[in-house]
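Enquirer: This is input.cif (mmCIF, C-alpha atoms and all ligand atoms).
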```
data_entry
#
loop_
_atom_site.label_atom_id
_atom_site.label_comp_id
_atom_site.auth_asym_id
_atom_site.auth_seq_id
_atom_site.Cartn_x
_atom_site.Cartn_y
_atom_site.Cartn_z
CA MET A 118 116.49 55.15 169.03
CA ASP A 119 113.55 57.31 169.94
CA ASP A 120 115.92 60.18 170.48
CA LEU A 121 117.45 59.79 167.04
CA ALA A 122 114.00 59.72 165.42
CA SER A 123 112.92 62.92 167.16
CA LEU A 124 116.28 64.54 166.36
CA GLU A 125 115.69 63.77 162.68
CA ALA A 126 112.10 64.98 162.82
CA ARG A 127 113.18 68.26 164.51
CA SER A 128 115.97 68.87 162.01
CA LEU A 129 113.79 68.15 158.96
CA ALA A 130 111.02 70.39 160.35
CA ALA A 131 113.51 73.24 160.91
CA ILE A 132 114.81 72.81 157.35
CA ALA A 133 111.31 72.79 155.88
CA ALA A 134 110.40 75.90 157.89
CA ALA A 135 113.53 77.86 156.86
CA GLY A 136 112.22 80.85 154.84
CA ASP A 137 115.55 82.22 153.64
CA GLU A 138 119.21 81.30 153.27
CA GLY A 139 120.09 82.59 156.77
CA ALA A 140 117.46 80.41 158.48
CA LEU A 141 118.55 77.42 156.43
CA GLU A 142 122.18 77.91 157.46
CA GLN A 143 121.10 78.06 161.10
CA ALA A 144 119.18 74.76 160.67
CA ARG A 145 122.29 73.22 159.11
CA LEU A 146 124.48 74.32 162.03
CA ASP A 147 121.90 73.06 164.57
CA ALA A 148 121.95 69.60 162.95
CA LEU A 149 125.37 69.08 161.35
CA GLY A 150 127.56 71.79 162.89
CA LYS A 151 130.40 70.93 165.26
CA LYS A 152 128.06 71.52 168.20
CA GLY A 153 125.00 70.27 166.37
CA ALA A 154 122.63 67.47 167.33
CA VAL A 155 123.99 64.89 164.86
CA SER A 156 127.56 65.56 165.94
CA ALA A 157 126.45 65.13 169.58
CA ALA A 158 124.81 61.80 168.72
CA LEU A 159 127.98 60.64 166.94
CA ALA A 160 129.98 61.57 170.03
CA THR A 161 127.98 59.01 172.09
CA LEU A 162 129.27 56.14 169.91
CA GLY A 163 132.62 55.98 171.71
CA LYS A 164 131.05 54.74 174.93
CA MET A 165 129.08 51.94 173.27
CA ALA A 166 129.82 48.28 173.00
CA PRO A 167 131.09 47.33 169.49
CA ASP A 168 127.83 45.69 168.35
CA GLU A 169 125.68 48.47 169.61
CA ARG A 170 128.07 50.96 168.05
CA ARG A 171 127.80 49.39 164.60
CA ALA A 172 124.02 49.59 164.60
CA ALA A 173 123.84 53.05 166.15
CA GLY A 174 126.60 54.38 163.87
CA ALA A 175 124.73 53.23 160.76
CA ALA A 176 121.48 54.73 162.03
CA ILE A 177 123.08 58.10 162.87
CA ASN A 178 124.88 58.27 159.51
CA ALA A 179 121.59 57.51 157.73
CA VAL A 180 119.98 60.43 159.59
CA LYS A 181 122.96 62.62 158.64
CA ASP A 182 122.53 61.69 154.97
CA ARG A 183 118.81 62.42 155.00
CA VAL A 184 119.34 65.78 156.73
CA THR A 185 122.07 66.68 154.22
CA GLU A 186 119.75 65.77 151.36
CA ALA A 187 116.89 67.81 152.85
CA LEU A 188 119.22 70.81 153.21
CA ALA A 189 120.24 70.64 149.54
CA ALA A 190 116.64 70.27 148.39
CA ARG A 191 115.45 73.22 150.49
CA LYS A 192 118.33 75.32 149.23
CA GLY A 193 117.21 74.66 145.66
CA GLU A 194 113.62 75.57 146.52
CA LEU A 195 114.65 78.87 148.11
CA LYS A 196 116.80 79.75 145.10
CA SER A 197 114.02 79.20 142.56
CA ALA A 198 111.52 81.04 144.80
CA ALA A 199 113.92 84.02 144.93
CA LEU A 200 114.30 83.95 141.13
CA SER A 201 110.52 83.83 140.55
CA ALA A 202 110.04 86.73 142.97
CA ARG A 203 112.65 88.77 141.10
CA LEU A 204 111.13 87.99 137.73
CA ALA A 205 107.71 89.00 139.00
CA ARG A 206 109.14 92.26 140.37
CA GLU A 207 110.91 93.12 137.13
CA THR A 208 108.08 92.57 134.66
CA ILE A 209 107.03 95.58 132.56
CA ASP A 210 103.46 96.10 131.55
CA VAL A 211 103.91 96.72 127.83
CA THR A 212 100.22 97.58 127.47
CA LEU A 213 100.71 100.85 129.41
CA PRO A 214 100.33 103.90 127.13
CA VAL A 215 103.67 105.59 126.34
CA ARG A 216 103.96 109.21 127.39
CA PRO A 217 105.15 111.26 124.36
CA SER A 218 108.67 112.63 124.81
CA PRO A 219 109.32 116.37 124.36
CA ALA A 220 111.14 115.51 121.11
CA GLU A 221 107.83 114.11 119.82
CA ALA A 222 105.72 117.06 120.93
CA GLY A 223 107.97 119.79 119.51
CA ARG A 224 108.01 120.73 115.83
CA VAL A 225 110.70 122.02 113.50
CA HIS A 226 109.50 125.19 111.76
CA PRO A 227 109.08 124.74 107.97
CA ILE A 228 111.62 127.53 107.34
CA ALA A 229 114.26 125.67 109.37
CA GLN A 230 113.38 122.42 107.61
CA VAL A 231 113.54 123.98 104.13
CA THR A 232 116.83 125.73 104.96
CA ASP A 233 118.31 122.35 105.90
CA GLU A 234 116.98 120.83 102.68
CA ILE A 235 118.50 123.64 100.58
CA VAL A 236 121.85 123.40 102.34
CA SER A 237 122.02 119.64 101.83
CA ILE A 238 121.18 119.84 98.09
CA PHE A 239 123.81 122.54 97.46
CA ALA A 240 126.31 120.68 99.63
CA ASP A 241 125.92 117.74 97.23
CA MET A 242 126.84 120.13 94.39
CA GLY A 243 130.02 121.20 96.20
CA PHE A 244 128.84 124.48 97.78
CA SER A 245 129.82 125.47 101.32
CA VAL A 246 127.84 127.71 103.68
CA ALA A 247 128.85 131.33 104.46
CA GLU A 248 127.17 133.69 106.91
CA GLY A 249 127.02 137.39 107.70
CA PRO A 250 125.32 139.67 110.26
CA ASP A 251 121.69 140.89 110.08
CA VAL A 252 122.82 144.43 110.95
CA GLU A 253 124.91 145.59 107.99
CA THR A 254 126.75 148.66 106.83
CA ASP A 255 125.40 150.74 103.98
CA ASP A 256 128.70 150.00 102.25
CA TYR A 257 128.26 146.20 102.18
CA ASN A 258 124.50 146.18 101.60
CA PHE A 259 124.60 148.78 98.80
CA THR A 260 127.80 150.61 97.83
CA LYS A 261 130.12 147.63 97.22
CA LEU A 262 127.24 145.98 95.35
CA ASN A 263 127.37 148.79 92.79
CA PHE A 264 124.35 150.77 94.03
CA PRO A 265 125.42 154.36 93.18
CA VAL A 266 125.29 156.74 96.16
CA GLY A 267 121.97 158.60 96.14
CA HIS A 268 120.67 156.39 93.34
CA PRO A 269 116.94 155.48 93.54
CA ALA A 270 117.90 151.78 93.40
CA ARG A 271 118.67 152.09 97.11
CA GLU A 272 115.05 152.91 97.74
CA MET A 273 114.00 149.89 95.67
CA GLN A 274 114.30 147.73 98.74
CA ASP A 275 112.23 149.52 101.45
CA THR A 276 115.17 149.55 103.83
CA PHE A 277 114.96 149.73 107.64
CA PHE A 278 117.71 152.19 108.62
CA PHE A 279 119.13 152.80 112.12
CA ALA A 280 119.78 156.32 113.39
CA PRO A 281 123.24 157.54 112.31
CA ASP A 282 126.05 156.91 114.86
CA ALA A 283 128.54 159.54 116.16
CA LYS A 284 130.57 159.25 112.94
CA GLY A 285 127.43 159.80 110.88
CA GLU A 286 127.45 156.18 109.69
CA ARG A 287 123.97 154.80 109.19
CA LYS A 288 123.65 151.04 109.82
CA LEU A 289 120.70 149.10 108.43
CA LEU A 290 118.96 145.72 108.60
CA ARG A 291 120.25 143.92 105.53
CA THR A 292 117.67 143.98 102.75
CA HIS A 293 119.12 140.90 101.05
CA THR A 294 121.79 138.26 101.60
CA SER A 295 123.95 139.79 98.84
CA PRO A 296 126.27 141.58 101.35
CA VAL A 297 127.49 138.08 102.24
CA GLN A 298 128.77 137.88 98.64
CA VAL A 299 130.90 140.93 99.42
CA ARG A 300 132.13 139.49 102.72
CA THR A 301 133.01 136.20 101.04
CA MET A 302 134.90 137.76 98.11
CA LEU A 303 136.83 140.06 100.48
CA ALA A 304 137.84 137.06 102.61
CA LYS A 305 138.51 134.36 100.01
CA LYS A 306 140.26 133.94 96.70
CA PRO A 307 138.47 132.31 93.74
CA PRO A 308 137.41 129.63 93.01
CA ILE A 309 134.45 130.44 95.25
CA ARG A 310 131.31 128.33 95.55
CA VAL A 311 129.12 129.30 98.52
CA ILE A 312 125.52 129.62 99.59
CA CYS A 313 124.48 132.05 102.32
CA PRO A 314 121.12 131.42 104.00
CA GLY A 315 119.75 133.99 106.44
CA ARG A 316 117.18 136.56 107.55
CA VAL A 317 116.58 139.74 105.57
CA TYR A 318 114.33 142.74 106.22
CA ARG A 319 112.13 145.06 104.14
CA SER A 320 109.21 147.26 105.06
CA ASP A 321 106.48 145.25 103.36
CA TRP A 322 103.33 143.29 104.41
CA ASP A 323 100.87 141.20 102.38
CA GLU A 324 100.10 137.57 101.46
CA THR A 325 103.53 136.98 100.01
CA HIS A 326 105.57 139.66 101.86
CA THR A 327 106.58 140.01 105.51
CA PRO A 328 108.97 142.61 106.98
CA MET A 329 111.39 139.83 107.96
CA PHE A 330 111.89 136.93 105.59
CA HIS A 331 114.58 134.50 104.50
CA GLN A 332 116.85 134.31 101.51
CA VAL A 333 119.61 132.06 100.39
CA GLU A 334 122.33 133.67 98.32
CA GLY A 335 124.47 131.68 95.93
CA LEU A 336 127.83 132.80 94.58
CA VAL A 337 130.19 131.08 92.17
CA VAL A 338 133.37 132.84 91.04
CA ASP A 339 136.07 131.20 88.92
CA SER A 340 137.66 131.73 85.52
CA SER A 341 134.77 130.48 83.38
CA ALA A 342 131.42 130.48 85.28
CA ASN A 343 128.68 131.55 82.84
CA LEU A 344 124.91 132.01 82.45
CA GLY A 345 124.52 128.45 81.17
CA ASN A 346 126.11 127.14 84.38
CA LEU A 347 123.76 129.36 86.38
CA LYS A 348 120.67 128.03 84.59
CA TRP A 349 121.80 124.42 85.00
CA THR A 350 122.57 124.92 88.70
CA LEU A 351 119.16 126.47 89.38
CA GLU A 352 117.27 123.82 87.43
CA GLU A 353 119.11 120.98 89.14
CA PHE A 354 118.51 122.56 92.50
CA LEU A 355 114.79 123.09 91.90
CA LYS A 356 114.27 119.55 90.59
CA ALA A 357 115.99 118.10 93.65
CA PHE A 358 114.15 120.45 96.00
CA PHE A 359 110.68 119.76 94.56
CA GLU A 360 111.54 116.08 94.04
CA THR A 361 110.28 116.04 90.44
CA PRO A 362 111.99 115.35 87.08
CA LYS A 363 110.51 118.58 85.67
CA VAL A 364 109.65 122.00 87.10
CA GLY A 365 107.79 124.76 85.29
CA LEU A 366 110.27 127.68 85.24
CA ARG A 367 110.23 131.08 83.60
CA PHE A 368 113.42 133.11 83.13
CA ARG A 369 112.79 136.85 82.69
CA PRO A 370 115.37 139.54 81.89
CA SER A 371 115.64 141.89 84.84
CA PHE A 372 117.80 144.49 86.52
CA PHE A 373 119.96 144.44 89.64
CA PRO A 374 122.82 146.90 90.13
CA PHE A 375 125.15 144.04 91.12
CA THR A 376 124.55 141.67 88.18
CA GLU A 377 124.83 142.12 84.44
CA PRO A 378 122.95 140.58 82.73
CA SER A 379 120.25 139.90 85.32
CA VAL A 380 117.56 137.23 85.28
CA GLU A 381 114.52 136.70 87.46
CA VAL A 382 113.07 133.22 87.81
CA ASP A 383 109.41 132.38 88.43
CA VAL A 384 108.01 128.97 89.24
CA GLN A 385 104.71 127.71 87.84
CA CYS A 386 101.86 127.29 90.33
CA ARG A 387 98.12 127.44 90.82
CA ARG A 388 96.64 129.56 93.56
CA SER A 389 92.97 129.04 94.28
CA GLY A 390 90.61 128.76 97.24
CA GLY A 391 93.28 129.43 99.86
CA GLU A 392 95.48 126.72 98.39
CA ILE A 393 98.73 126.88 96.49
CA ARG A 394 99.76 124.05 94.19
CA PHE A 395 103.08 123.74 92.53
CA GLY A 396 103.77 122.25 89.05
CA GLU A 397 100.38 123.19 87.51
CA GLY A 398 98.22 126.23 86.73
CA ASP A 399 98.74 129.60 85.03
CA ASP A 400 100.18 131.53 87.98
CA TRP A 401 103.84 132.26 88.36
CA LEU A 402 105.49 132.97 91.70
CA GLU A 403 108.77 134.85 91.62
CA ILE A 404 111.29 132.88 93.68
CA LEU A 405 114.67 134.28 92.80
CA GLY A 406 116.82 136.95 91.24
CA SER A 407 120.13 136.12 89.62
CA GLY A 408 122.73 137.08 87.05
CA MET A 409 126.42 137.37 86.21
CA VAL A 410 128.32 139.22 88.95
CA HIS A 411 128.86 142.82 87.76
CA PRO A 412 132.55 143.60 87.01
CA ASN A 413 132.32 146.61 89.36
CA VAL A 414 131.33 144.32 92.24
CA LEU A 415 134.28 141.99 91.56
CA ARG A 416 136.57 145.03 91.44
CA ASN A 417 135.08 146.48 94.67
CA CYS A 418 135.90 143.17 96.37
CA GLY A 419 139.50 142.93 95.13
CA ILE A 420 138.90 140.46 92.30
CA ASP A 421 140.15 141.25 88.77
CA PRO A 422 137.19 141.00 86.35
CA ASP A 423 139.61 140.37 83.47
CA VAL A 424 140.71 137.14 85.17
CA HIS A 425 137.63 135.98 87.04
CA GLN A 426 133.90 135.97 86.45
CA GLY A 427 130.95 134.57 88.31
CA PHE A 428 127.26 134.20 88.77
CA ALA A 429 125.04 134.85 91.75
CA PHE A 430 121.47 134.22 92.80
CA GLY A 431 119.21 135.13 95.70
CA MET A 432 116.20 132.93 96.48
CA GLY A 433 113.26 133.42 98.82
CA ILE A 434 113.37 130.49 101.23
CA ASP A 435 109.89 131.25 102.56
CA ARG A 436 108.37 131.15 99.10
CA LEU A 437 110.02 127.82 98.37
CA ALA A 438 108.53 126.54 101.65
CA MET A 439 105.06 127.87 100.72
CA LEU A 440 105.21 126.14 97.36
CA LYS A 441 106.59 122.84 98.56
CA TYR A 442 104.39 122.45 101.61
CA GLY A 443 101.26 124.23 100.39
CA ALA A 444 101.01 127.04 102.95
CA PRO A 445 99.13 129.83 101.14
CA ASP A 446 99.86 132.88 103.33
CA LEU A 447 103.41 133.87 104.19
CA ARG A 448 102.29 135.87 107.23
CA ASP A 449 101.23 132.64 109.00
CA PHE A 450 104.86 131.53 109.04
CA PHE A 451 105.67 134.20 111.61
CA GLU A 452 102.48 134.26 113.73
CA ALA A 453 103.89 131.66 116.17
CA ASP A 454 100.52 129.87 116.22
CA VAL A 455 101.08 126.46 117.76
CA ARG A 456 98.15 124.90 115.82
CA TRP A 457 99.67 126.05 112.52
CA LEU A 458 103.08 124.76 113.57
CA ARG A 459 101.61 121.38 114.52
CA HIS A 460 100.12 121.14 111.03
CA PHE A 461 102.99 122.48 108.92
CA GLY A 462 105.95 121.69 111.22
CA PHE A 463 108.24 118.67 111.09
CA ARG A 464 109.23 116.10 113.67
CA ALA A 465 112.65 116.73 115.15
CA LEU A 466 114.10 113.44 113.97
CA ASP A 467 112.87 113.67 110.37
CA VAL A 468 115.66 113.62 107.84
CA PRO A 469 115.72 116.81 105.70
CA GLY A 470 114.24 115.95 102.30
CA GLY A 471 113.02 112.57 103.57
CA GLU A 472 109.39 111.60 104.00
N1 LIG A 501 119.64 140.39 96.17
C1 LIG A 501 118.57 140.28 95.19
C2 LIG A 501 117.23 140.53 95.87
O1 LIG A 501 117.15 140.45 97.07
C3 LIG A 501 118.54 138.92 94.56
C4 LIG A 501 119.76 138.64 93.77
C5 LIG A 501 120.83 137.98 94.33
C6 LIG A 501 119.82 139.01 92.46
C7 LIG A 501 121.96 137.71 93.60
C8 LIG A 501 120.92 138.73 91.68
C9 LIG A 501 121.98 138.07 92.27
O2 LIG A 501 116.24 140.81 95.22
#
```
Mind turning this structure into structure tokens?
Expert:
Amino acid sequence: MDDLASLEARSLAAIAAAGDEGALEQARLDALGKKGAVSAALATLGKMAPDERRAAGAAINAVKDRVTEALAARKGELKSAALSARLARETIDVTLPVRPSPAEAGRVHPIAQVTDEIVSIFADMGFSVAEGPDVETDDYNFTKLNFPVGHPAREMQDTFFFAPDAKGERKLLRTHTSPVQVRTMLAKKPPIRVICPGRVYRSDWDETHTPMFHQVEGLVVDSSANLGNLKWTLEEFLKAFFETPKVGLRFRPSFFPFTEPSVEVDVQCRRSGGEIRFGEGDDWLEILGSGMVHPNVLRNCGIDPDVHQGFAFGMGIDRLAMLKYGAPDLRDFFEADVRWLRHFGFRALDVPGGE
């Protein structure tokens, strides 16, 4: 039985040495396969005498069992080794510093943020958004808004004019968002309830004036809109925008060719030491013009002033941003200084109006 002992030793050694599933399968074939060593040993039984065969048969089958057992055990070992190797390979070092994504590094400009805030507050009140072009006709920017031709009111707004075209028509950069009122009334029938945010242009430059700035126009036209509704709408808007139950407001009688009566609204603030604080102090910052839409404007836009009436307002978005976020100089908004933007800008995923 020496042969059988060395056969077993060889097979078990080959199994123990098998480093992967392929080598293990080869060891199995060498021992238990049709042409394997154990099969060859079993084949010798036929030539033996019955007694000898019984003993040898039992011995060979015992070797076969032990080899089979060793194969299964080694298979299990290889499997768990493979799993541990994979787990080791797939670990993540959570202590590594995270590289900031571009969405983290970039900032939303305060004007864009405040525009979104304004749109969402008015959307809650049932207003939709209307838009118009920056380059306007004299007709929409002035004439249809009841500015008499040649009247000094046209000069009130420091207009940037383009050179006249072949037909002698002189385009301009819109001086206010009010031409979008005209476009809206020409395109839609009352009831109308829109806001129109956008860029406007005037030749002006100081702490609170830049040649390009932003306004949001509001227009409501129906059969009963009145000054009381206008005041309520503005107060509700400003309370929501400044997130306070009370805002210091001052309504002053004023003049615009396209509203009658006209009202200007100032918001209470304190300006000192390069800082601007809202809700306290003795300063007032003018933030909007408003009034009841002039009957001539309704008529110019195809609406019968005996049937419909409305109110309108135009607010300075930039000034609202200065007040809410404490930026004292309007000119900084348009300097494209990355340090300023990092300080006053907003993260891309911030919710408008949220903290
Ligand atoms: N368009 C006016 C301005 O720019 C503001 C305004 C809008 C006034 C609507 C009354 C009604 O000064």
Enquirer: Find the nearest atom pair between each residue of chain A and ligand LIG 501 (chain A) for residues within 7 Å, count all atoms listed in the file, give distances in Å to one decimal, sort rows by chain and ascending number, and present the table as a tab-separated table.
Expert:
```
residue	atom	partner	partner_atom	distance
A:Thr292	CA	A:LIG501	O1	6.7
A:His293	CA	A:LIG501	O1	4.5
A:Thr294	CA	A:LIG501	N1	6.2
A:Ser295	CA	A:LIG501	N1	5.1
A:Glu334	CA	A:LIG501	C5	6.1
A:Gly335	CA	A:LIG501	C7	6.9
A:Phe373	CA	A:LIG501	C6	6.1
A:Phe375	CA	A:LIG501	C8	6.8
A:Thr376	CA	A:LIG501	C8	5.8
A:Ser379	CA	A:LIG501	C8	6.5
A:Leu405	CA	A:LIG501	C3	6.3
A:Gly406	CA	A:LIG501	C6	3.8
A:Ser407	CA	A:LIG501	C8	3.4
A:Gly408	CA	A:LIG501	C8	5.2
A:Ala429	CA	A:LIG501	C9	4.5
A:Phe430	CA	A:LIG501	C7	3.6
A:Gly431	CA	A:LIG501	C5	3.6
A:Met432	CA	A:LIG501	C3	6.7
```
Enquirer: What is the CA of Val424 in chain A to CA of Pro374 in chain A distance in Å?
Expert: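 Atom-to-atom, CA of Val424 in chain A to CA of Pro374 in chain A, that is 21.0 Å.
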Enquirer: Show me, as a ChimeraX atom specification, the residues that have an atom within 8 Å of Arg287 in chain A when counting only C-alpha atoms, minus same-chain residues fewer than 6 positions from it.
Expert: /A:254-255,278-281
Enquirer: Separation of CA of Asp275 in chain A and CA of Arg316 in chain A, in Å?
Expert: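 Computing the Euclidean distance for CA of Asp275 in chain A and CA of Arg316 in chain A yields 15.2 Å.
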Enquirer: Determine, counting all atoms listed in the file, which protein, DNA and RNA residues have an atom within 12 Å of an atom of range 263-268 of chain A; residues of the same chain fewer than 5 positions away are not included. Present the result as a compact mmCIF listing (two decimals) with C-alpha atoms, keeping the file's coordinate frame.
Expert:
```txt
# COMPACT_ATOMS: atom_id res chain seq x y z
CA ASP A 255 125.40 150.74 103.98
CA ASP A 256 128.70 150.00 102.25
CA TYR A 257 128.26 146.20 102.18
CA ASN A 258 124.50 146.18 101.60
CA MET A 273 114.00 149.89 95.67
CA GLN A 274 114.30 147.73 98.74
CA SER A 295 123.95 139.79 98.84
CA PRO A 296 126.27 141.58 101.35
CA VAL A 299 130.90 140.93 99.42
CA PHE A 372 117.80 144.49 86.52
CA PHE A 373 119.96 144.44 89.64
CA PRO A 374 122.82 146.90 90.13
CA PHE A 375 125.15 144.04 91.12
CA THR A 376 124.55 141.67 88.18
CA GLU A 377 124.83 142.12 84.44
CA VAL A 410 128.32 139.22 88.95
CA HIS A 411 128.86 142.82 87.76
CA PRO A 412 132.55 143.60 87.01
CA ASN A 413 132.32 146.61 89.36
CA VAL A 414 131.33 144.32 92.24
CA LEU A 415 134.28 141.99 91.56
CA ARG A 416 136.57 145.03 91.44
CA ASN A 417 135.08 146.48 94.67
CA CYS A 418 135.90 143.17 96.37
```
Enquirer: In Å to one decimal, how far is CA of Arg367 in chain A from CA of Asp323 in chain A?
Expert: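 These atoms are spaced 23.3 Å apart.
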Enquirer: Name all residues at most 12 Å from Thr185 in chain A (count only C-alpha atoms; drop same-chain ones fewer than 2 positions away) and give them as a list in words.
Expert: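 Everything that qualifies: Glu125, Ser128, Leu129, Ile132, Leu141, Glu142, Ala144, Arg145, Leu146, Ala148, Leu149, Gly150, Val155, Asn178, Ala179, Val180, Lys181, Asp182, Arg183, Ala187, Leu188, Ala189, Ala190, Arg191 and Lys192 of chain A.
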Enquirer: Determine, counting all atoms listed in the file, which protein, DNA and RNA residues have an atom within 10 Å of an atom of Glu353 in chain A; residues of the same chain fewer than 3 positions away are not included. Present the result as a list in words.
Expert: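 Selected residues are Ile238, Phe239, Met242, Leu347, Lys348, Trp349, Thr350, Lys356, Ala357, Phe358, Pro362, Lys363 and Val364 of chain A.
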Enquirer: Within 6 Å of range 460-464 of chain A, counting all atoms listed in the file, which residues show up once you throw out same-chain ones fewer than 5 positions away? Write them as a PDB file with C-alpha atoms, keeping the file's coordinate frame, please.
Expert:
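After the write, result_15.pdb holds the following:
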```pdb
ATOM      1  CA  ARG A 224     108.010 120.730 115.830  1.00  0.00           C
ATOM      2  CA  VAL A 225     110.700 122.020 113.500  1.00  0.00           C
ATOM      3  CA  HIS A 226     109.500 125.190 111.760  1.00  0.00           C
ATOM      4  CA  PRO A 227     109.080 124.740 107.970  1.00  0.00           C
TER       5      PRO A 227
END
```
Enquirer: Which one is closest to Trp401 in chain A: A:Leu366, A:Val333, A:Val380, A:Ile420? Count only C-alpha atoms.
Expert: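 Going through A:Leu366, A:Val333, A:Val380, A:Ile420 one by one, the smallest distance to Trp401 in chain A is for A:Leu366.
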Enquirer: Looking at only C-alpha atoms, which of A:Ala222, A:Ser201, A:Gly249, A:Ala133 is the one that sits closest to Ala465 in chain A?
Expert: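 Under the stated criterion, the closest residue is A:Ala222.
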Enquirer: Find, counting only C-alpha atoms, the residue in A:Pro328, A:Leu121, A:Gly223, A:Pro217 that gets nearest to Arg459 in chain A.
Expert: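 Closest to Arg459 in chain A of all the choices is A:Gly223.
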Enquirer: Let me make sure I understand: among A:Phe428, A:Phe244, A:Phe330, A:Phe259, which one has the smallest atom-to-atom distance to Leu344 in chain A if we use only C-alpha atoms?
Expert: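 Result for the nearest residue to Leu344 in chain A: A:Phe428.
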Enquirer: Using all atoms listed in the file, which residue out of A:Phe368, A:Phe277, A:Phe450, A:Tyr442 lies closest to Thr325 in chain A?
Expert: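 Under the stated criterion, the closest residue is A:Phe450.
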Enquirer: Closest to Leu466 in chain A among A:Met439, A:Ala453, A:Gln230, A:Arg203, using all atoms listed in the file?
Expert: A:Gln230
